[in-house]
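**Student:** Handing you a structure now.
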Amino acid sequence: MYAIVEIQGQQFKVEAGKKLFVHHMQDAEAGATVEFDRVLLVDKDGAITVGVPTVDGAKVVCEVVTNLVKGDKVLVFHKKRRKGYRKLNGHRQQFTELKIKEVVA
């Protein structure tokens with residue numbers, strides 16, 4: 001059984017027991033339980049239910065494993081040829097690690 005759920009404007013495919021990295025949730029603490037009710041699609045052993053826009057009564061229950069995880073560093077390099085202009089910028093995205101406990105549908 002899996003579901004497509006919207007978390008902070010992004011859509012994720014979730015299954016029970018899987019881990020998920022979402023954009024940083026500031027108010028979530030490690031060990032806390034979080035529920036998401038914006039379930040867009042549920043597949044229960046081949047029986048697919050598509051929401052209009054969401055599935056009624058469906059929710060995803062998650063546990064916050066780690067509140068703050070930093071992603072890989074992404075380097076952004078700008079250059080204008082023959083002008084001596086070079087600029088290097090780095091960025092590390094912040095994530096929250098979730099463990100899916102169950103999908104209720």
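Residues in the structure tokens are numbered from 1 in each chain, the chains being A, B, ... in the order shown, and ligands are numbered from 1 in the order shown.
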Using only C-alpha atoms, which residues of stretch 20-66 of chain A come within 7 Å of stretch 82-103 of chain A, and what is the closest atom pair for each, with the distance in Å to one decimal? Give it as a tab-separated table, sorted by chain and residue number.

**Tutor:**
residue	atom	partner	partner_atom	distance
A:Leu20	CA	A:Leu98	CA	5.1
A:Phe21	CA	A:Glu97	CA	4.7
A:Val22	CA	A:Thr96	CA	5.4
A:His23	CA	A:Phe95	CA	4.6
A:His24	CA	A:Phe95	CA	4.3
A:Met25	CA	A:Thr96	CA	6.2
A:Lys59	CA	A:Val103	CA	6.2
A:Val60	CA	A:Val103	CA	4.7
A:Val61	CA	A:Glu102	CA	5.4
A:Cys62	CA	A:Ile100	CA	4.5
A:Glu63	CA	A:Lys99	CA	5.2
A:Val64	CA	A:Leu98	CA	4.7
A:Val65	CA	A:Leu98	CA	5.5
A:Thr66	CA	A:Glu97	CA	5.1

**Student:** Got time to write the residues from that selection, C-alpha atoms, as a short mmCIF file (atom, residue, chain, number, x, y, z; two decimals), in the first residue's frame?

**Tutor:**
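Here's the written file result08.cif:
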data_model
loop_
_atom_site.label_atom_id
_atom_site.label_comp_id
_atom_site.auth_asym_id
_atom_site.auth_seq_id
_atom_site.Cartn_x
_atom_site.Cartn_y
_atom_site.Cartn_z
CA LEU A 20 11.67 10.57 3.73
CA PHE A 21 13.58 13.86 3.54
CA VAL A 22 11.34 16.95 3.31
CA HIS A 23 12.11 20.65 3.48
CA HIS A 24 13.02 21.78 6.99
CA MET A 25 10.05 21.87 9.37
CA LYS A 59 -3.87 10.59 6.31
CA VAL A 60 -0.20 9.73 6.68
CA VAL A 61 1.29 9.35 10.16
CA CYS A 62 5.03 10.08 10.44
CA GLU A 63 7.65 10.23 13.15
CA VAL A 64 10.34 12.91 13.09
CA VAL A 65 13.71 11.11 13.18
CA THR A 66 15.98 14.16 12.86
#

**Student:** Would you mind reading off the distance between atom CA of A:Gly17 and atom CA of A:Asp45, one decimal, in Å?

**Tutor:** 16.7 Å

**Student:** Quick one, how far is atom CA of A:Val14 from atom CA of A:Met1?

**Tutor:** 8.9 Å

**Student:** Leaving out A:Val42 and any residue of its chain fewer than 3 positions from it, which residues lie within 9 Å of it when counting only C-alpha atoms, given as a list in words?

**Tutor:**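 Listed by chain and then number, they are Met1, Tyr2, Ala3, Ile4, Val5, Val39, Ala47, Ile48, Thr49, Val50, Gly51, Val55, Ala58, Val103 and Ala105 of chain A.
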
**Student:** Could you write those residues out with all heavy atoms, as a CSV table (one decimal), in the first residue's frame?

**Tutor:**
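See result08.csv below for the written result:
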chain,number,residue,atom,x,y,z
A,1,MET,N,0.8,-1.2,0.0
A,1,MET,CA,0.0,0.0,0.0
A,1,MET,C,0.9,1.2,0.0
A,1,MET,O,1.8,1.3,0.8
A,1,MET,CB,-0.9,0.0,1.2
A,1,MET,CG,-1.8,1.2,1.4
A,1,MET,SD,-2.9,0.9,2.7
A,1,MET,CE,-3.6,2.5,2.8
A,2,TYR,N,0.6,2.2,-0.9
A,2,TYR,CA,1.3,3.4,-0.9
A,2,TYR,C,0.4,4.6,-1.2
A,2,TYR,O,-0.8,4.4,-1.5
A,2,TYR,CB,2.4,3.4,-2.0
A,2,TYR,CG,2.0,3.5,-3.4
A,2,TYR,CD1,1.8,4.7,-4.0
A,2,TYR,CD2,1.7,2.3,-4.1
A,2,TYR,CE1,1.4,4.8,-5.3
A,2,TYR,CE2,1.3,2.4,-5.4
A,2,TYR,CZ,1.1,3.6,-6.0
A,2,TYR,OH,0.7,3.7,-7.3
A,3,ALA,N,0.9,5.8,-0.9
A,3,ALA,CA,0.1,7.0,-1.1
A,3,ALA,C,0.9,8.1,-1.7
A,3,ALA,O,2.1,8.1,-1.5
A,3,ALA,CB,-0.6,7.4,0.2
A,4,ILE,N,0.3,9.0,-2.4
A,4,ILE,CA,0.9,10.2,-2.8
A,4,ILE,C,0.4,11.3,-1.9
A,4,ILE,O,-0.8,11.6,-1.9
A,4,ILE,CB,0.6,10.6,-4.3
A,4,ILE,CG1,0.9,9.4,-5.2
A,4,ILE,CG2,1.3,11.8,-4.7
A,4,ILE,CD1,2.4,9.1,-5.4
A,5,VAL,N,1.3,12.0,-1.2
A,5,VAL,CA,0.9,13.0,-0.2
A,5,VAL,C,1.7,14.3,-0.5
A,5,VAL,O,2.8,14.3,-1.0
A,5,VAL,CB,1.2,12.5,1.2
A,5,VAL,CG1,2.7,12.3,1.4
A,5,VAL,CG2,0.7,13.4,2.3
A,39,VAL,N,-3.7,14.0,1.3
A,39,VAL,CA,-3.4,12.7,0.5
A,39,VAL,C,-4.1,12.8,-0.8
A,39,VAL,O,-5.3,13.0,-0.9
A,39,VAL,CB,-3.8,11.5,1.3
A,39,VAL,CG1,-3.6,10.2,0.5
A,39,VAL,CG2,-3.2,11.4,2.6
A,47,ALA,N,-6.2,-1.4,-5.8
A,47,ALA,CA,-7.4,-0.5,-5.9
A,47,ALA,C,-7.0,0.9,-5.7
A,47,ALA,O,-6.6,1.3,-4.6
A,47,ALA,CB,-8.4,-1.0,-4.8
A,48,ILE,N,-7.0,1.7,-6.7
A,48,ILE,CA,-6.5,3.0,-6.7
A,48,ILE,C,-7.6,4.0,-6.5
A,48,ILE,O,-8.7,4.0,-7.1
A,48,ILE,CB,-5.7,3.4,-8.0
A,48,ILE,CG1,-4.5,2.5,-8.2
A,48,ILE,CG2,-5.3,4.8,-8.0
A,48,ILE,CD1,-3.8,2.7,-9.5
A,49,THR,N,-7.4,4.9,-5.5
A,49,THR,CA,-8.4,5.9,-5.2
A,49,THR,C,-7.7,7.3,-5.4
A,49,THR,O,-6.7,7.6,-4.8
A,49,THR,CB,-8.9,5.9,-3.7
A,49,THR,OG1,-9.3,4.5,-3.4
A,49,THR,CG2,-9.9,6.9,-3.4
A,50,VAL,N,-8.3,8.1,-6.3
A,50,VAL,CA,-7.7,9.4,-6.6
A,50,VAL,C,-8.6,10.4,-6.0
A,50,VAL,O,-9.9,10.4,-6.1
A,50,VAL,CB,-7.7,9.6,-8.2
A,50,VAL,CG1,-7.1,11.0,-8.5
A,50,VAL,CG2,-6.8,8.5,-8.8
A,51,GLY,N,-8.0,11.4,-5.3
A,51,GLY,CA,-8.8,12.4,-4.6
A,51,GLY,C,-9.2,13.5,-5.5
A,51,GLY,O,-8.6,13.7,-6.5
A,55,VAL,N,-8.2,12.8,-0.9
A,55,VAL,CA,-8.9,11.6,-0.5
A,55,VAL,C,-9.5,11.8,0.9
A,55,VAL,O,-8.8,12.2,1.8
A,55,VAL,CB,-8.1,10.3,-0.5
A,55,VAL,CG1,-8.9,9.1,-0.1
A,55,VAL,CG2,-7.4,10.1,-1.9
A,58,ALA,N,-8.3,10.1,4.5
A,58,ALA,CA,-7.0,9.5,4.4
A,58,ALA,C,-5.9,10.4,5.1
A,58,ALA,O,-6.1,11.6,5.0
A,58,ALA,CB,-6.6,9.3,3.0
A,103,VAL,N,0.0,4.5,6.8
A,103,VAL,CA,-0.9,5.2,5.8
A,103,VAL,C,-2.3,4.8,6.1
A,103,VAL,O,-2.6,3.6,6.0
A,103,VAL,CB,-0.5,4.9,4.3
A,103,VAL,CG1,-1.5,5.6,3.4
A,103,VAL,CG2,0.9,5.3,4.1
A,105,ALA,N,-6.2,4.9,5.3
A,105,ALA,CA,-7.1,5.2,4.2
A,105,ALA,C,-8.4,4.5,4.3
A,105,ALA,O,-8.5,3.4,4.9
A,105,ALA,CB,-6.4,4.8,2.9
